[in-house]
Amino acid sequence: TYDYFEKRNIPYVKPVPFFGQVWSFVSQEKHAVDVASEGYYMFPNTRISGVFTLRTPAYLVHDPVLYKQMAIKDFDHFTDHISEISLEHDPLLARSLFFTNGTHWRHHRSGLSPAFTGSKMRNMFVLLSKSAGEAMKRLMVYSRGKPFTMEMRDLYSRLGNDAMTSISFGVEVDSLTDRYNEFFVKGKRLAKIDGLPGLKLLMTTLMPGLFKFLRLGILYKDVNEFYLEAVSTNIHHRVKHNIKRPDFIHLLLQARENRLSVEQHEDETLASAGFSTAETHQLEDTTGAEAGDKLQWHDVDITAAAASFFFGGIETTTTLLCFASYELAVNPAIQARLRAEIDRAREDLADGVTPTYEVLQKMAYMDMVVSETLRRWTPFGLTNRKCTKDYTFTNTDGTKITIERGLNVSIPLKAFHLDEKFFPDPLRFNPERFADPTNINQDAFVPFGTGLRNCIGSRLGLMQAKCFLFYMLAYFTLEPGSKLTIPLELDETSAGLNAKHGFWMNLVPRFI
Ligand code: HEM
């Protein structure tokens, strides 16, 4: 088994007998993403390297151009993400877009894409901005004009939870005041990627066979039941009272009735949420020959879609906000420049504080700060593909390599972003890199992945993050709290990107 790469003359990370790379996950003081990306640093001159998970060979892509090729031009060889999640044990997660594959994924993605266009996002943004604005006002009242200390991950995950509960599940909650409301408590358990659920999630990609064999579920049972019940009740209520609200449930109900489509005259000016916005690719129409297994959008599918936006969107966007806030707190000049841009933008707002989609779109420095945060602190540092059809390409030394059908491929997004070949002085937080986008290597800058399976929610994530930052700096000045570790110490045990000792900051009220 272990001579697989030797025979093919492909550099590979030497495995620990039986465990392969899995051993490093349990024995090393390194983050899972860095362990999985080890080969990238060991073999700088190849387009791909090998690794063993337990006894199974898998690949790690080193060349962003190769990733792009696999994800776009040669997509039919890599249509799937790695996933071994069972419908029986994880009824929501197994139906969510990230974990569905093949024809089911195709129908699902093309059915959902119209829900994420610029104009739909703009409509949804109104709900999001309302939710965040009201929360920030409450925070201002709470401060009574005096500085106070907060742990920002807790704060942003509450704000994010409330905004996403509003736009995904159609329910308005206030987790700042009602701290243990059921949507927040269950939402935390739904989006939890630390501890046991994180470990299980990791297992689905590292040891898919073993995971399947053990018949484990990832999401907690009560979480599945809670959301299924909440969404079904909500759907029933809307249908009965003919309620229309510009949120995901509404759009998914339209999908059920085959009425969800891209507007005839989609306003192209709304398409970009900034430089990092993931490109929209056209998937072929799902009508015709395969229409028989077209997605029916039963209540469980609608719940799963809404839950997956929660699952995929909350942790990532919260991570982006935490690290952006950290950089703003430790770089006062950058914070001052962003605040000046926000204050200028506020002059054009009707109430002087509630940002619109269009106003955020125009904020160039905000976009530079957000892009640089996504580069320096990539929230989703590693993605993957499964090879669905043998694939041959040429390596740097001219040899041909064939990836065989069924093998797993990892793509180290974080390693690309921190490679000095692509981004000089990579550890330095410098929004100026993005002042002229033509200077950016766009193959290597992939915070939302690339190709047909890129992030469907990039516009939403970007607009949400920009909106929260807008409010935050309009109301407060951010300063490092006494418990903040500088430089940040990362939590190597978390499945996501997190600070080991929290993001403690002082919020100093501004008088606006
Ligand atoms: C800053 C925030 C976010 C980051 C950094 C991020 C990043 C990513 C990345 C790297 C992928 C994998 C792409 C690939 O394999 O090529 C992905 C997929 C995905 N993301 Fe996001 N994401 C964010 C926010 C969101 C939001 C707000 C939503 C939903 C509302 C969302 C929903 C999804 C879904 C459903 C997929 C799977 C797509 C598919 O398999 O077709 N994400 N995201």
# chains A, B, ... in the order shown; residues from 1 in each chain; ligands from 1
$ closest_atom_pairs --of "chain A" --to "ligand 1" --cutoff "6 Å" --atoms "only C-alpha atoms and all ligand atoms" --output "Markdown table"
| residue | atom | partner | partner_atom_place_in_ligand_line | distance |
| --- | --- | --- | --- | --- |
| A:Leu97 | CA | ligand 1 | 35 (C) | 4.9 |
| A:Phe98 | CA | ligand 1 | 40 (O) | 3.6 |
| A:Arg109 | CA | ligand 1 | 41 (O) | 5.9 |
| A:Ser308 | CA | ligand 1 | 35 (C) | 5.9 |
| A:Phe309 | CA | ligand 1 | 29 (C) | 3.7 |
| A:Gly312 | CA | ligand 1 | 31 (C) | 4.5 |
| A:Gly313 | CA | ligand 1 | 26 (C) | 3.4 |
| A:Thr316 | CA | ligand 1 | 2 (C) | 4.4 |
| A:Thr317 | CA | ligand 1 | 1 (C) | 4.1 |
| A:Leu320 | CA | ligand 1 | 1 (C) | 5.6 |
| A:Pro379 | CA | ligand 1 | 5 (C) | 5.1 |
| A:Phe380 | CA | ligand 1 | 10 (C) | 5.0 |
| A:Thr383 | CA | ligand 1 | 15 (O) | 5.0 |
| A:Asn384 | CA | ligand 1 | 15 (O) | 5.8 |
| A:Pro447 | CA | ligand 1 | 5 (C) | 5.3 |
| A:Phe448 | CA | ligand 1 | 10 (C) | 4.0 |
| A:Gly449 | CA | ligand 1 | 16 (O) | 3.4 |
| A:Thr450 | CA | ligand 1 | 16 (O) | 4.5 |
| A:Arg453 | CA | ligand 1 | 41 (O) | 4.2 |
| A:Asn454 | CA | ligand 1 | 13 (C) | 3.9 |
| A:Cys455 | CA | ligand 1 | 18 (C) | 3.6 |
| A:Ile456 | CA | ligand 1 | 33 (C) | 5.1 |
| A:Gly457 | CA | ligand 1 | 28 (C) | 3.7 |
| A:Ser458 | CA | ligand 1 | 24 (C) | 5.3 |
| A:Leu460 | CA | ligand 1 | 27 (C) | 5.0 |
| A:Gly461 | CA | ligand 1 | 27 (C) | 3.9 |
$ write_last_selection --atoms "C-alpha atoms" --output "short mmCIF file (atom, residue, chain, number, x, y, z; two decimals), in the first residue's frame"
data_model
loop_
_atom_site.label_atom_id
_atom_site.label_comp_id
_atom_site.auth_asym_id
_atom_site.auth_seq_id
_atom_site.Cartn_x
_atom_site.Cartn_y
_atom_site.Cartn_z
CA LEU A 97 -25.20 21.64 -0.50
CA PHE A 98 -21.60 21.20 0.66
CA ARG A 109 -27.03 24.09 -6.73
CA SER A 308 -26.59 24.66 5.70
CA PHE A 309 -26.43 28.42 5.18
CA GLY A 312 -21.54 27.27 6.30
CA GLY A 313 -22.05 30.95 6.92
CA THR A 316 -16.80 31.67 8.61
CA THR A 317 -18.29 35.17 8.71
CA LEU A 320 -13.69 37.07 9.35
CA PRO A 379 -11.54 31.32 7.62
CA PHE A 380 -11.91 28.17 5.52
CA THR A 383 -11.26 22.52 0.90
CA ASN A 384 -11.45 19.30 -1.07
CA PRO A 447 -11.00 32.71 0.16
CA PHE A 448 -14.30 31.38 -1.24
CA GLY A 449 -12.75 28.57 -3.29
CA THR A 450 -13.05 28.52 -7.03
CA ARG A 453 -18.33 24.33 -6.40
CA ASN A 454 -17.15 27.63 -4.99
CA CYS A 455 -18.94 29.27 -2.07
CA ILE A 456 -22.53 30.06 -2.97
CA GLY A 457 -22.82 32.55 -0.12
CA SER A 458 -19.83 34.84 -0.75
CA LEU A 460 -23.97 37.34 1.75
CA GLY A 461 -20.87 36.68 3.88
#
$ closest_residue --among "A:Leu92, A:Leu295, A:Leu507, A:Val13" --to "Tyr475 in chain A" --atoms "only C-alpha atoms"
A:Leu507
$ residues_around --residues "Gln296 in chain A" --least-positions-apart "2" --cutoff "10 Å" --atoms "only C-alpha atoms" --output "number ranges by chain"
A: 107-108, 255-258, 293-294, 298-299, 301-302
$ write_last_selection --atoms "C-alpha atoms" --output "CSV table (one decimal), in the first residue's frame"
chain,number,residue,atom,x,y,z
A,107,HIS,CA,-30.1,20.1,-9.1
A,108,HIS,CA,-29.6,21.5,-5.7
A,255,ALA,CA,-38.3,27.1,-5.7
A,256,ARG,CA,-40.8,24.5,-4.5
A,257,GLU,CA,-43.4,26.0,-6.9
A,258,ASN,CA,-40.9,26.4,-9.7
A,293,ASP,CA,-35.0,13.3,-10.1
A,294,LYS,CA,-35.3,17.0,-9.9
A,298,HIS,CA,-39.9,19.0,0.6
A,299,ASP,CA,-39.9,20.7,4.1
A,301,ASP,CA,-34.9,20.0,1.9
A,302,ILE,CA,-35.9,23.5,2.7
$ residues_around --residues "Asn45 in chain A" --least-positions-apart "5" --cutoff "12 Å" --atoms "only C-alpha atoms" --output "PyMOL selection string"
chain A and resi 10-11+39-40+61-63+395-397+421
$ select_by_dssp --residues "range 250-402 of chain A" --states "strand (DSSP E or B)" --output "PyMOL selection string"
chain A and resi 383-386+391-394+400-402
$ select_by_dssp --residues "range 293-473 of chain A" --states "helix (DSSP H, G or I)" --output "JSON, numbers by chain"
{"A": [293, 299, 300, 301, 302, 303, 304, 305, 306, 307, 308, 309, 310, 311, 312, 313, 314, 315, 316, 317, 318, 319, 320, 321, 322, 323, 324, 325, 326, 327, 328, 329, 330, 332, 333, 334, 335, 336, 337, 338, 339, 340, 341, 342, 343, 344, 345, 346, 357, 358, 359, 360, 361, 364, 365, 366, 367, 368, 369, 370, 371, 372, 373, 374, 375, 376, 413, 414, 415, 416, 417, 431, 432, 433, 434, 437, 438, 439, 451, 452, 453, 458, 459, 460, 461, 462, 463, 464, 465, 466, 467, 468, 469, 470, 471, 472, 473]}
$ closest_residue --among "A:Thr373, A:Tyr2, A:Cys467, A:Lys137" --to "Leu427 in chain A" --atoms "only C-alpha atoms"
A:Thr373
$ residues_around --residues "Thr318 in chain A" --least-positions-apart "4" --cutoff "8 Å" --atoms "only C-alpha atoms" --output "MDAnalysis selection string"
chainID A and resid 153 156:157 160 314 322 465
$ atom_distance --atom1 "CA of Ala32 in chain A" --atom2 "CA of Ile218 in chain A"
17.7 Å
$ residues_around --residues "Val65 in chain A" --least-positions-apart "2" --cutoff "8 Å" --atoms "only C-alpha atoms" --output "ChimeraX atom specification"
/A:63,67-69,443-444
$ closest_residue --among "A:Phe476, A:Tyr326, A:Trp377, A:Phe445" --to "Pro147 in chain A" --atoms "only C-alpha atoms"
A:Phe476
$ closest_atom_pairs --of "range 80-126 of chain A" --to "range 359-362 of chain A" --cutoff "12 Å" --atoms "only C-alpha atoms" --output "Markdown table"
| residue | atom | partner | partner_atom | distance |
| --- | --- | --- | --- | --- |
| A:Gly118 | CA | A:Gln361 | CA | 11.1 |
| A:Arg122 | CA | A:Gln361 | CA | 10.6 |
| A:Phe125 | CA | A:Leu360 | CA | 10.8 |
